[in-house]
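Data from final02.txt: compact mmCIF, C-alpha atoms
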# COMPACT_ATOMS: atom_id res chain seq x y z
CA MET D 130 0.00 0.00 0.00
CA THR D 131 1.30 3.44 -0.82
CA ALA D 132 1.82 5.96 1.93
CA THR D 133 -0.28 9.11 1.99
CA SER D 134 0.99 12.44 3.26
CA LEU D 135 -0.07 13.67 6.67
CA SER D 136 -1.59 16.81 5.15
CA THR D 137 -3.87 14.69 2.98
CA LEU D 138 -5.09 12.69 5.95
CA SER D 139 -5.53 15.52 8.44
CA THR D 140 -9.02 16.13 9.73
CA ARG D 141 -8.21 19.83 9.62
CA PRO D 142 -8.81 21.72 6.34
CA HIS D 143 -5.88 21.11 4.01
CA HIS D 144 -4.64 22.07 0.58
CA GLY D 145 -5.67 19.07 -1.50
CA SER D 146 -6.69 18.89 -5.12
CA GLU D 147 -8.66 21.63 -6.82
CA ALA D 148 -11.71 19.36 -6.65
CA TYR D 149 -11.26 18.98 -2.89
CA ARG D 150 -10.87 22.72 -2.35
CA ALA D 151 -13.99 23.44 -4.40
CA ALA D 152 -15.99 20.83 -2.49
CA ARG D 153 -14.90 22.15 0.90
CA GLU D 154 -15.66 25.74 -0.10
CA ARG D 155 -19.23 24.68 -0.93
CA LEU D 156 -19.60 22.63 2.24
CA ALA D 157 -17.99 24.91 4.86
CA PRO D 158 -21.03 27.21 5.29
CA VAL D 159 -23.35 24.20 5.43
CA PHE D 160 -21.24 22.58 8.14
CA ALA D 161 -21.21 25.86 10.09
CA GLU D 162 -24.98 26.18 9.96
CA ILE D 163 -25.45 22.55 11.04
CA ALA D 164 -23.04 23.00 13.97
CA ALA D 165 -24.79 26.18 15.10
CA SER D 166 -28.17 24.45 15.32
CA ALA D 167 -27.06 20.99 16.52
CA ALA D 168 -27.80 21.43 20.23
CA ARG D 169 -31.18 23.04 19.58
CA ARG D 170 -32.24 20.38 17.08
CA GLU D 171 -31.32 17.65 19.51
CA ALA D 172 -33.18 19.34 22.36
CA ASP D 173 -36.28 19.52 20.15
CA ARG D 174 -35.70 16.07 18.59
CA HIS D 175 -36.03 17.73 15.21
CA ILE D 176 -35.35 15.47 12.22
CA ASP D 177 -34.16 18.23 9.92
CA ARG D 178 -34.52 16.97 6.37
CA GLY D 179 -33.48 20.43 5.23
CA ALA D 180 -29.99 19.89 6.64
CA VAL D 181 -29.50 16.74 4.55
CA ARG D 182 -30.98 18.44 1.48
CA ALA D 183 -28.49 21.30 1.98
CA LEU D 184 -25.64 18.78 2.22
CA ALA D 185 -26.82 17.07 -0.96
CA ALA D 186 -27.19 20.40 -2.79
CA ALA D 187 -23.60 21.28 -1.81
CA GLY D 188 -22.36 17.92 -3.10
CA PHE D 189 -21.61 16.09 0.15
CA THR D 190 -23.61 13.02 -0.81
CA ALA D 191 -21.75 12.68 -4.12
CA LEU D 192 -18.16 13.46 -3.12
CA ARG D 193 -16.84 10.15 -4.50
CA VAL D 194 -19.14 10.05 -7.53
CA PRO D 195 -17.20 10.68 -10.75
CA VAL D 196 -17.52 14.14 -12.28
CA GLU D 197 -19.17 12.78 -15.43
CA TYR D 198 -22.07 11.58 -13.28
CA GLY D 199 -22.46 14.90 -11.46
CA GLY D 200 -20.21 14.26 -8.45
CA SER D 201 -16.93 15.73 -7.21
CA GLY D 202 -14.75 12.74 -8.09
CA LEU D 203 -12.75 12.94 -4.85
CA THR D 204 -10.37 10.24 -3.71
CA PHE D 205 -11.17 8.24 -0.58
CA ALA D 206 -8.53 10.17 1.37
CA GLU D 207 -9.96 13.52 0.22
CA GLN D 208 -13.50 12.61 1.19
CA ALA D 209 -12.59 11.33 4.68
CA PRO D 210 -11.74 14.66 6.40
CA LEU D 211 -14.94 16.20 5.05
CA ILE D 212 -16.94 13.46 6.76
CA VAL D 213 -15.07 14.20 10.00
CA GLU D 214 -15.97 17.89 9.64
CA LEU D 215 -19.64 16.95 9.34
CA ALA D 216 -19.30 14.69 12.38
CA ALA D 217 -17.82 17.57 14.37
CA ALA D 218 -20.80 19.69 13.34
CA ASP D 219 -23.35 16.95 14.13
CA SER D 220 -22.39 13.28 14.43
CA ASN D 221 -26.06 12.32 14.00
CA LEU D 222 -25.90 13.21 10.33
CA VAL D 223 -22.83 11.10 9.60
CA GLN D 224 -24.60 8.12 11.14
CA ALA D 225 -27.79 8.95 9.21
CA LEU D 226 -25.79 8.97 5.95
CA ARG D 227 -23.73 5.89 6.78
CA ALA D 228 -25.66 3.53 4.49
CA HIS D 229 -25.55 6.15 1.74
CA LEU D 230 -21.78 6.54 1.94
CA ILE D 231 -21.17 2.79 1.96
CA ASN D 232 -23.53 2.32 -0.98
CA GLN D 233 -21.66 5.05 -2.88
CA GLU D 234 -18.40 3.16 -2.36
CA ASN D 235 -19.95 -0.17 -3.39
CA LEU D 236 -21.27 1.31 -6.62
CA LEU D 237 -17.89 2.67 -7.71
CA GLY D 238 -16.55 -0.84 -8.17
CA HIS D 239 -19.74 -2.72 -9.02
CA PRO D 240 -19.33 -5.07 -12.01
CA ASP D 241 -22.88 -4.53 -13.34
CA GLU D 242 -22.39 -1.58 -15.67
CA ALA D 243 -26.10 -0.80 -16.10
CA LEU D 244 -26.71 -0.82 -12.36
CA ARG D 245 -23.60 1.24 -11.70
CA ASP D 246 -24.53 3.83 -14.34
CA ARG D 247 -28.13 4.16 -13.17
CA TRP D 248 -27.24 4.61 -9.53
CA LEU D 249 -24.24 6.88 -9.96
CA ARG D 250 -26.42 9.22 -12.00
CA ARG D 251 -29.00 9.20 -9.22
CA LEU D 252 -26.38 9.97 -6.58
CA GLY D 253 -24.80 12.63 -8.76
CA ALA D 254 -28.22 14.30 -9.05
CA GLY D 255 -28.49 14.44 -5.25
CA ALA D 256 -30.46 11.31 -4.34
CA VAL D 257 -29.96 10.16 -0.74
CA VAL D 258 -30.08 6.50 0.31
CA GLY D 259 -31.16 5.01 3.64
CA ASN D 260 -31.45 1.40 4.75
CA ALA D 261 -33.93 -1.12 6.10
CA ILE D 262 -31.81 -4.17 6.86
CA THR D 263 -32.23 -5.21 10.49
CA GLU D 264 -35.00 -7.19 12.13
CA ILE D 265 -35.52 -8.08 15.77
CA ASN D 266 -36.72 -11.22 17.52
CA ASN D 267 -35.28 -13.28 14.70
CA SER D 268 -32.48 -15.84 14.84
CA VAL D 269 -29.05 -15.05 13.43
CA GLY D 270 -29.27 -15.09 9.63
CA GLU D 271 -33.05 -15.36 9.61
CA GLY D 272 -35.24 -12.82 7.81
CA THR D 273 -38.99 -12.46 7.79
CA THR D 274 -39.37 -9.58 5.32
CA THR D 275 -40.38 -11.05 1.96
CA LEU D 276 -39.97 -9.92 -1.63
CA ILE D 277 -42.18 -12.10 -3.81
CA ARG D 278 -43.91 -11.75 -7.18
CA ASP D 279 -47.70 -11.56 -7.03
CA GLU D 280 -50.04 -13.31 -9.48
CA GLU D 281 -49.61 -10.47 -11.97
CA GLY D 282 -45.82 -10.70 -11.84
CA THR D 283 -45.23 -7.55 -9.77
CA TRP D 284 -42.63 -7.77 -7.03
CA ARG D 285 -44.21 -7.05 -3.62
CA LEU D 286 -42.36 -6.22 -0.42
CA ASN D 287 -43.85 -7.09 2.98
CA GLY D 288 -42.31 -6.87 6.43
CA THR D 289 -41.03 -4.68 9.24
CA LYS D 290 -37.49 -3.46 9.74
CA TYR D 291 -35.89 -1.81 12.75
CA TYR D 292 -32.90 0.48 13.27
CA SER D 293 -33.53 1.81 9.76
CA THR D 294 -30.86 4.46 10.02
CA GLY D 295 -31.29 7.44 7.72
CA THR D 296 -34.63 6.45 6.17
CA LEU D 297 -36.46 9.61 7.19
CA TYR D 298 -33.80 11.67 5.40
CA ALA D 299 -33.66 9.44 2.34
CA ASP D 300 -35.10 9.37 -1.16
CA TRP D 301 -34.37 5.65 -1.58
CA ILE D 302 -34.21 2.74 0.86
CA ILE D 303 -32.04 -0.37 0.51
CA VAL D 304 -34.02 -3.34 1.84
CA ALA D 305 -32.85 -6.84 2.74
CA ALA D 306 -35.47 -9.57 2.31
CA VAL D 307 -35.98 -13.21 1.38
CA ASP D 308 -37.65 -14.53 -1.76
CA ALA D 309 -40.30 -17.23 -2.15
CA ALA D 310 -37.65 -19.91 -1.70
CA GLY D 311 -36.31 -18.31 1.47
CA GLU D 312 -33.12 -17.13 -0.25
CA GLU D 313 -31.60 -13.73 0.49
CA ILE D 314 -32.55 -10.95 -1.89
CA ALA D 315 -32.37 -7.15 -1.85
CA ALA D 316 -34.28 -4.26 -3.32
CA THR D 317 -34.18 -0.49 -3.56
CA VAL D 318 -37.48 1.26 -2.94
CA SER D 319 -38.49 4.88 -3.14
CA ALA D 320 -39.04 6.26 0.36
CA ASP D 321 -42.45 7.59 -0.67
CA ALA D 322 -43.57 4.42 -2.48
CA GLU D 323 -46.99 2.96 -1.85
CA GLY D 324 -47.15 0.91 1.33
CA VAL D 325 -44.03 2.41 2.98
CA THR D 326 -44.41 3.73 6.54
CA LEU D 327 -41.48 5.46 8.25
CA LEU D 328 -41.48 5.89 12.02
CA ASP D 329 -39.14 7.96 14.20
CA ASP D 330 -39.33 5.61 17.19
CA TRP D 331 -35.63 5.05 17.95
CA ASP D 332 -35.44 5.36 21.75
CA GLY D 333 -31.69 5.38 22.38
CA PHE D 334 -30.35 8.11 24.67
CA GLY D 335 -27.82 9.16 22.05
CA GLN D 336 -27.67 9.58 18.28
CA GLN D 337 -31.31 10.62 18.53
CA LEU D 338 -31.45 12.43 15.20
CA THR D 339 -30.22 9.55 13.04
CA ALA D 340 -33.76 8.53 12.01
CA SER D 341 -32.96 5.00 13.14
CA GLY D 342 -36.58 4.01 13.55
CA THR D 343 -38.98 1.41 12.21
CA THR D 344 -39.86 0.95 8.55
CA VAL D 345 -42.94 -1.00 7.52
CA PHE D 346 -43.58 -2.35 4.02
CA ALA D 347 -47.13 -3.43 3.17
CA ASP D 348 -47.49 -4.86 -0.33
CA THR D 349 -45.03 -2.26 -1.56
CA PRO D 350 -44.49 -2.61 -5.32
CA VAL D 351 -40.87 -2.88 -6.45
CA ALA D 352 -39.71 -2.29 -10.03
CA ALA D 353 -37.94 -5.30 -11.54
CA GLU D 354 -34.74 -3.32 -12.15
CA GLU D 355 -34.60 -2.47 -8.44
CA VAL D 356 -34.48 -6.14 -7.38
CA TYR D 357 -31.03 -7.61 -6.74
CA ALA D 358 -30.53 -11.30 -6.16
CA GLY D 359 -27.04 -10.61 -4.84
CA GLY D 360 -27.77 -7.18 -3.35
CA LEU D 361 -26.29 -3.85 -4.41
CA ASP D 362 -22.99 -4.99 -2.89
CA ASP D 363 -21.99 -8.01 -4.95
CA GLY D 364 -19.65 -9.17 -2.17
CA THR D 365 -16.43 -9.05 -4.19
CA ARG D 366 -14.95 -5.97 -2.45
CA VAL D 367 -13.88 -6.97 1.03
CA ALA D 368 -12.89 -3.43 2.00
CA THR D 369 -16.48 -2.26 1.67
CA GLY D 370 -17.68 -4.85 4.17
CA GLN D 371 -17.36 -4.41 7.92
CA ALA D 372 -14.12 -2.45 7.52
CA SER D 373 -16.00 0.41 5.84
CA TRP D 374 -19.06 0.17 8.07
CA GLN D 375 -16.86 0.36 11.17
CA PHE D 376 -14.73 3.10 9.62
CA LEU D 377 -17.72 5.43 9.53
CA HIS D 378 -18.35 4.86 13.23
CA LEU D 379 -14.71 5.82 13.81
CA VAL D 380 -15.11 8.93 11.65
CA ALA D 381 -18.15 9.98 13.70
CA LEU D 382 -16.28 9.41 16.96
CA THR D 383 -13.28 11.38 15.70
CA GLY D 384 -15.60 14.24 14.81
CA ILE D 385 -17.09 14.11 18.30
CA ALA D 386 -13.56 14.46 19.71
CA GLU D 387 -13.11 17.60 17.60
CA ALA D 388 -16.44 18.95 18.86
CA ILE D 389 -15.47 18.30 22.49
CA VAL D 390 -12.35 20.46 22.12
CA ARG D 391 -14.27 23.16 20.24
CA ASP D 392 -17.13 23.33 22.75
CA GLY D 393 -14.86 23.04 25.78
CA ALA D 394 -12.64 25.89 24.63
CA GLU D 395 -15.66 28.03 23.73
CA TYR D 396 -17.21 27.44 27.14
CA VAL D 397 -14.01 28.41 28.97
CA ARG D 398 -13.47 31.54 26.84
CA GLY D 399 -16.94 32.84 27.62
CA ARG D 400 -17.10 31.95 31.33
CA ARG D 401 -16.50 34.66 33.96
CA ARG D 402 -17.49 32.87 37.18
CA SER D 403 -14.68 31.09 38.97
CA PHE D 404 -14.02 29.45 42.33
CA SER D 405 -12.26 30.91 45.35
CA HIS D 406 -9.87 27.99 45.32
CA GLY D 407 -9.12 28.31 41.62
CA THR D 408 -5.74 29.52 40.37
CA ALA D 409 -6.97 32.68 38.59
CA GLU D 410 -9.87 35.12 38.53
CA LEU D 411 -11.00 34.06 35.07
CA PRO D 412 -11.35 30.40 34.01
CA ARG D 413 -9.52 31.16 30.76
CA GLU D 414 -6.47 32.07 32.86
CA ASP D 415 -6.79 29.20 35.33
CA SER D 416 -3.85 26.82 34.81
CA GLN D 417 -5.83 23.76 35.89
CA VAL D 418 -8.71 24.54 33.56
CA LEU D 419 -6.25 25.07 30.72
CA GLN D 420 -4.69 21.72 31.58
CA VAL D 421 -8.06 20.01 31.10
CA VAL D 422 -8.58 21.66 27.72
CA GLY D 423 -5.05 20.68 26.74
CA GLU D 424 -5.74 17.06 27.68
CA LEU D 425 -8.93 17.15 25.60
CA SER D 426 -6.88 18.48 22.69
CA ALA D 427 -4.39 15.64 23.09
CA ALA D 428 -7.24 13.12 23.20
CA ALA D 429 -8.60 14.50 19.94
CA PHE D 430 -5.11 14.24 18.44
CA GLY D 431 -4.91 10.59 19.52
CA ALA D 432 -8.28 9.85 17.94
CA ARG D 433 -7.19 11.60 14.72
CA ALA D 434 -3.94 9.64 14.61
CA ALA D 435 -5.77 6.32 14.87
CA TYR D 436 -8.31 7.48 12.31
CA ASP D 437 -5.54 8.56 9.92
CA SER D 438 -4.06 5.08 10.16
CA VAL D 439 -7.36 3.55 9.06
CA VAL D 440 -7.72 6.02 6.19
CA THR D 441 -4.31 4.93 4.90
CA ALA D 442 -5.06 1.22 5.23
CA LEU D 443 -8.62 1.27 3.93
CA GLY D 444 -7.85 3.67 1.10
CA GLY D 445 -4.95 1.48 0.02
CA VAL D 446 -7.09 -1.66 -0.06
CA LEU D 447 -9.82 0.13 -2.01
CA GLU D 448 -7.20 1.13 -4.58
CA GLN D 449 -5.94 -2.45 -4.78
CA GLU D 450 -9.45 -3.79 -5.24
CA ALA D 451 -10.19 -1.28 -7.99
CA ALA D 452 -7.12 -2.52 -9.88
CA LEU D 453 -8.09 -6.20 -9.75
CA THR D 454 -9.35 -7.94 -12.85
CA ALA D 455 -12.35 -10.27 -12.84
CA GLY D 456 -11.76 -13.31 -10.66
CA GLU D 457 -8.73 -11.88 -8.87
CA GLN D 458 -8.67 -11.76 -5.09
CA LEU D 459 -6.77 -9.62 -2.64
CA PRO D 460 -4.06 -11.46 -0.69
CA GLU D 461 -5.54 -12.75 2.55
CA VAL D 462 -2.75 -11.18 4.58
CA ASP D 463 -3.64 -7.70 3.25
CA VAL D 464 -7.27 -8.17 4.21
CA ASP D 465 -6.38 -9.50 7.67
CA GLU D 466 -4.04 -6.59 8.30
CA LEU D 467 -6.74 -4.11 7.26
CA TYR D 468 -9.26 -5.56 9.69
CA VAL D 469 -6.69 -5.70 12.50
CA ARG D 470 -5.97 -2.00 11.90
CA VAL D 471 -9.68 -1.12 11.98
CA TYR D 472 -10.32 -3.11 15.16
CA GLN D 473 -7.27 -1.63 16.87
CA ALA D 474 -8.42 1.87 15.98
CA GLN D 475 -11.87 1.08 17.32
CA GLN D 476 -10.40 0.24 20.74
CA VAL D 477 -8.31 3.41 20.80
CA ILE D 478 -10.81 5.91 19.40
CA ALA D 479 -13.94 4.77 21.23
CA LYS D 480 -12.29 4.62 24.65
CA THR D 481 -10.41 7.88 24.15
CA VAL D 482 -13.48 9.82 23.04
CA LEU D 483 -15.70 8.43 25.79
CA ALA D 484 -13.13 9.46 28.41
CA ALA D 485 -12.76 12.92 26.87
CA ALA D 486 -16.53 13.42 26.75
CA THR D 487 -16.62 12.85 30.52
CA GLN D 488 -13.53 14.93 31.28
CA LEU D 489 -15.06 17.86 29.37
CA PHE D 490 -17.20 18.72 32.40
CA GLU D 491 -14.12 19.38 34.55
CA VAL D 492 -13.69 22.77 32.85
CA GLY D 493 -16.61 24.38 34.70
CA GLY D 494 -19.21 24.28 37.39
CA ALA D 495 -22.90 23.54 37.30
CA SER D 496 -23.45 25.87 34.34
CA ALA D 497 -21.65 23.33 32.13
CA LEU D 498 -24.62 21.05 32.77
CA SER D 499 -27.12 23.46 31.25
CA GLN D 500 -29.57 21.81 28.88
CA THR D 501 -29.21 24.76 26.52
CA LYS D 502 -25.53 23.90 26.00
CA ARG D 503 -26.33 20.20 25.66
CA LEU D 504 -22.70 19.25 26.25
CA ASP D 505 -23.84 15.85 27.44
CA ARG D 506 -24.75 14.96 23.85
CA HIS D 507 -21.10 14.28 23.08
CA TRP D 508 -20.86 11.46 25.64
CA ARG D 509 -24.32 10.10 24.79
CA ASN D 510 -23.61 10.06 21.07
CA ALA D 511 -20.17 8.50 21.54
CA ARG D 512 -21.55 5.86 23.90
CA VAL D 513 -24.21 4.81 21.38
CA LEU D 514 -21.69 4.65 18.53
CA ALA D 515 -19.33 2.53 20.62
CA ASN D 516 -22.15 0.14 21.52
CA HIS D 517 -23.01 -0.65 17.92
CA ASN D 518 -20.08 -3.05 17.76
CA PRO D 519 -19.17 -4.02 21.34
CA LEU D 520 -15.51 -3.43 22.07
CA ILE D 521 -15.11 -6.66 24.03
CA TYR D 522 -15.66 -8.85 20.98
CA ARG D 523 -13.26 -6.93 18.77
CA ALA D 524 -10.63 -6.99 21.52
CA ARG D 525 -10.98 -10.78 21.69
CA LEU D 526 -10.38 -11.03 17.95
CA LEU D 527 -7.25 -8.92 18.28
CA GLY D 528 -6.03 -11.20 21.05
CA GLY D 529 -6.57 -14.23 18.83
CA TRP D 530 -4.56 -12.55 16.07
CA GLU D 531 -1.66 -11.64 18.36
CA VAL D 532 -1.46 -14.94 20.24
CA ASN D 533 -2.58 -17.56 17.73
CA GLY D 534 -2.33 -15.83 14.37
CA THR D 535 -6.07 -16.28 13.86
CA GLY D 536 -7.40 -14.02 11.12
CA PRO D 537 -9.98 -11.55 12.47
CA GLU D 538 -13.59 -12.15 11.49
CA ARG D 539 -14.73 -9.77 8.76
CA SER D 540 -18.48 -9.98 9.08
CA TYR D 541 -21.09 -10.69 11.67
CA ARG D 542 -24.82 -10.86 12.10
CA VAL D 543 -27.04 -10.02 15.02
CA GLY D 544 -30.00 -12.12 16.08
CA SER D 545 -31.79 -13.77 18.95
CA ALA D 546 -30.68 -17.08 20.39
CA PRO D 547 -33.02 -19.91 19.40
CA ALA D 548 -35.66 -20.69 21.98
CA ALA D 549 -34.75 -23.48 24.40
CA PRO D 550 -36.77 -26.66 23.84
CA SER D 551 -39.56 -27.12 26.34
CA SER D 552 -39.16 -29.96 28.79
CA THR D 553 -41.84 -32.27 30.04
CA LYS D 554 -41.82 -34.58 32.98

As structure tokens:
Amino acid sequence: MTATSLSTLSTRPHHGSEAYRAARERLAPVFAEIAASAARREADRHIDRGAVRALAAAGFTALRVPVEYGGSGLTFAEQAPLIVELAAADSNLVQALRAHLINQENLLGHPDEALRDRWLRRLGAGAVVGNAITEINNSVGEGTTTLIRDEEGTWRLNGTKYYSTGTLYADWIIVAAVDAAGEEIAATVSADAEGVTLLDDWDGFGQQLTASGTTVFADTPVAAEEVYAGGLDDGTRVATGQASWQFLHLVALTGIAEAIVRDGAEYVRGRRRSFSHGTAELPREDSQVLQVVGELSAAAFGARAAYDSVVTALGGVLEQEAALTAGEQLPEVDVDELYVRVYQAQQVIAKTVLAAATQLFEVGGASALSQTKRLDRHWRNARVLANHNPLIYRARLLGGWEVNGTGPERSYRVGSAPAAPSSTK
């Protein structure tokens, strides 16, 4: 894998290509507006579709889409810091667009030219994609949502999905289902199609504006060209599996670290009340308060360093995959090393950001707890992101790699344990 310069990987604004500079110039005022309203929107639980439409209009949702399709044509490394900037403004929106960003990456290397062309044009025109993949109360690998042809030959979608992140912001929804034979199948459905009901009923204490609610399909018609026996991701690009899904959690957490430093410094600059046992009359001159802000800054640096490492590894594998010819496979050792890097970064970034989000409150008194400031959202959002893929399991995989040379698992599924058989006397 080729090395990438530190300036290219920095989460701070940098001097990249002309395309990058143009994209960031368009996006900077949108990010600023989102950051300014983030605490208020969360307090009101306001799913702001306008914010996502503004991002799409400024090109955020098509950063990787080639120019000929209406996108910016950025490299993976150029796109990454822009996602971090959005996460620093509001990590909810990065999570809401997670399925969209992964789908964008999948499409770039998809072997079906007609599918790739159709969807890249949609994304280039500003279409936003959400997902309806997960079910609850089902066994691992089991699905109850069905996609079956009716007597007239029309595909019909029926079922209920949960944790449908981003659907309320989306124009299209990627849906996982099973066909009449019980085999896995996928479809893309317009968010306003007949029989689609979208509910904002996600009850987590963090990431509340991700639109991760319930989606119900009731005899929803699906166009034949939007049915995919193998799904939109044909499974040939290992980098766009769990490595990419986890990467976007790490991006969101890194952005939260940036926001913690920003909000902590802003709070200290504007605060005039101090304590009689403090070291200065103003908090901004108090050496102990400054120490806390400095430690928060170092924590954000540590998160960025781990994130940069993943950008290098994942970007390199994506480039390798793009260069493969039909039937070629990446060396197993390269894939293993990528997943080890991602899982290591997960341990570092999640724990660092969670600790920083708690330490943030050491910079002030009770006023730091004000609901209007909503500083607690940083810990709540980070805690929810970290819980999506429990750290204990990934740490175990890293231990197996270090001790026994066992390749880390690259995919997983969530489901309920099968019911225990009833016993009779």

Worksheet entry | Surrounding residues of Thr294 (chain D) excluding itself and chain neighbours under 3 positions, 7 Å, only C-alpha atoms, as a ChimeraX atom specification | /D:225,259-260,339-342

Discussion item. Under the rule that all atoms listed in the file are counted, which of D:Ala218, D:Leu443, D:Leu489, D:Ile163 is the nearest residue to Asp505 (chain D)?
Written reply: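 Once distances to Asp505 (chain D) are computed over all atoms listed in the file, the minimum belongs to D:Leu489.
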
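Proximity to Ala316 (chain D) at 8 Å, evaluated using only C-alpha atoms and with sequence-adjacent residues fewer than 6 positions away removed, yields D:Ile303, D:Val304, D:Ala305, D:Ala306, D:Val351, D:Glu355, D:Val356, D:Tyr357, D:Gly360.
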
Worksheet item: With distances taken over all atoms listed in the file, which of D:Val318, D:Glu531, D:Ala185, D:Tyr292 is nearest to Asp332 (chain D)?
Response: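 Selected residue with least distance to Asp332 (chain D): D:Tyr292.
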
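Among the candidates D:Asp415, D:Asp279, D:Glu207, D:Asp246, the one nearest to Gly444 (chain D) when counting only C-alpha atoms is D:Glu207.
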
Discussion item. When you count only C-alpha atoms, which of these residues is closest to Ser146 (chain D): D:Val325, D:Leu203, D:Gly370, D:Ser499?
Written reply: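 Counting only C-alpha atoms, the residue closest to Ser146 (chain D) is D:Leu203.
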
Discussion item. Around (-26.6, 10.1, -11.2), as given in the file, which residues come within 9 Å? Count only C-alpha atoms and list them as a ChimeraX atom specification.
Written reply: /D:191,194,197-200,246-256

Listed atoms of region 148-163 of chain D, axis-aligned box, 4 Å per side: centre and edge lengths to one decimal in Å, as JSON?
{"center_x": -18.2, "center_y": 23.1, "center_z": 2.2, "size_x": 22.6, "size_y": 16.2, "size_z": 25.7}

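Point (-9.4, 21.9, -4.1) has the following residues at most 12 Å away: D:Thr137, D:Pro142, D:His143, D:His144, D:Gly145, D:Ser146, D:Glu147, D:Ala148, D:Tyr149, D:Arg150, D:Ala151, D:Ala152, D:Arg153, D:Glu154, D:Arg155, D:Ser201, D:Gly202, D:Leu203, D:Thr204, D:Glu207, D:Gln208 (atoms considered: all atoms listed in the file).
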
Worksheet item: Between CA of Thr317 (chain D) and CA of Glu281 (chain D), what is the spacing in Å?
Response: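 Separation of CA of Glu281 (chain D) and CA of Thr317 (chain D): 20.2 Å.
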
Worksheet item: In Å, how far is it from CA of Leu156 (chain D) to CA of Gly188 (chain D)?
Response: 7.6 Å

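For the set D:Tyr472, D:Phe376, D:Phe346, D:Phe404, the residue with the smallest atom-to-atom gap to Leu520 (chain D) is D:Tyr472, counting all atoms listed in the file.
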
Worksheet entry | Nearest candidate to Gln224 (chain D) (options D:Val307, D:Val367, D:Leu379, D:Ala432; using only C-alpha atoms) |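 Of D:Val307, D:Val367, D:Leu379, D:Ala432, the one nearest Gln224 (chain D), counting only C-alpha atoms, is D:Leu379.
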
Worksheet item: CA of Leu230 (chain D) and CA of Thr487 (chain D), how far apart in Å?
Response: 29.7 Å

Within 7 Å of Gln371 (chain D), counting all atoms listed in the file, which residues qualify if same-chain residues fewer than 2 places away don't, as a compact mmCIF listing (two decimals) with C-alpha atoms, in the coordinates of the input?
# COMPACT_ATOMS: atom_id res chain seq x y z
CA THR D 369 -16.48 -2.26 1.67
CA SER D 373 -16.00 0.41 5.84
CA TRP D 374 -19.06 0.17 8.07
CA GLN D 375 -16.86 0.36 11.17
CA ARG D 539 -14.73 -9.77 8.76
CA SER D 540 -18.48 -9.98 9.08

Worksheet item: Neighbours of Leu411 (chain D) within 12 Å (only C-alpha atoms; same-chain residues fewer than 5 positions away dropped), as a list in words?
Response: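 Returned residues: Val397, Arg398, Gly399, Arg400, Arg401, Arg402, Ser403, Phe404, Ser405, His406, Ser416, Gln417, Val418, Leu419, Val492 and Gly493 of chain D.
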
Worksheet item: Do you know which residues are at most 12 Å from Pro350 (chain D) counting all atoms listed in the file, after dropping those on the same chain fewer than 2 positions away, and could you put them as a PyMOL selection string?
Response: chain D and resi 275-279+281-287+316-325+346-348+352-356

Okay, now the selection with C-alpha atoms, as a PDB file, in the frame of the given file?
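So the final result, stored in part.pdb, reads:
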ATOM      1  CA  THR D 275     -40.380 -11.050   1.960  1.00  0.00           C
ATOM      2  CA  LEU D 276     -39.970  -9.920  -1.630  1.00  0.00           C
ATOM      3  CA  ILE D 277     -42.180 -12.100  -3.810  1.00  0.00           C
ATOM      4  CA  ARG D 278     -43.910 -11.750  -7.180  1.00  0.00           C
ATOM      5  CA  ASP D 279     -47.700 -11.560  -7.030  1.00  0.00           C
ATOM      6  CA  GLU D 281     -49.610 -10.470 -11.970  1.00  0.00           C
ATOM      7  CA  GLY D 282     -45.820 -10.700 -11.840  1.00  0.00           C
ATOM      8  CA  THR D 283     -45.230  -7.550  -9.770  1.00  0.00           C
ATOM      9  CA  TRP D 284     -42.630  -7.770  -7.030  1.00  0.00           C
ATOM     10  CA  ARG D 285     -44.210  -7.050  -3.620  1.00  0.00           C
ATOM     11  CA  LEU D 286     -42.360  -6.220  -0.420  1.00  0.00           C
ATOM     12  CA  ASN D 287     -43.850  -7.090   2.980  1.00  0.00           C
ATOM     13  CA  ALA D 316     -34.280  -4.260  -3.320  1.00  0.00           C
ATOM     14  CA  THR D 317     -34.180  -0.490  -3.560  1.00  0.00           C
ATOM     15  CA  VAL D 318     -37.480   1.260  -2.940  1.00  0.00           C
ATOM     16  CA  SER D 319     -38.490   4.880  -3.140  1.00  0.00           C
ATOM     17  CA  ALA D 320     -39.040   6.260   0.360  1.00  0.00           C
ATOM     18  CA  ASP D 321     -42.450   7.590  -0.670  1.00  0.00           C
ATOM     19  CA  ALA D 322     -43.570   4.420  -2.480  1.00  0.00           C
ATOM     20  CA  GLU D 323     -46.990   2.960  -1.850  1.00  0.00           C
ATOM     21  CA  GLY D 324     -47.150   0.910   1.330  1.00  0.00           C
ATOM     22  CA  VAL D 325     -44.030   2.410   2.980  1.00  0.00           C
ATOM     23  CA  PHE D 346     -43.580  -2.350   4.020  1.00  0.00           C
ATOM     24  CA  ALA D 347     -47.130  -3.430   3.170  1.00  0.00           C
ATOM     25  CA  ASP D 348     -47.490  -4.860  -0.330  1.00  0.00           C
ATOM     26  CA  ALA D 352     -39.710  -2.290 -10.030  1.00  0.00           C
ATOM     27  CA  ALA D 353     -37.940  -5.300 -11.540  1.00  0.00           C
ATOM     28  CA  GLU D 354     -34.740  -3.320 -12.150  1.00  0.00           C
ATOM     29  CA  GLU D 355     -34.600  -2.470  -8.440  1.00  0.00           C
ATOM     30  CA  VAL D 356     -34.480  -6.140  -7.380  1.00  0.00           C
TER      31      VAL D 356
END
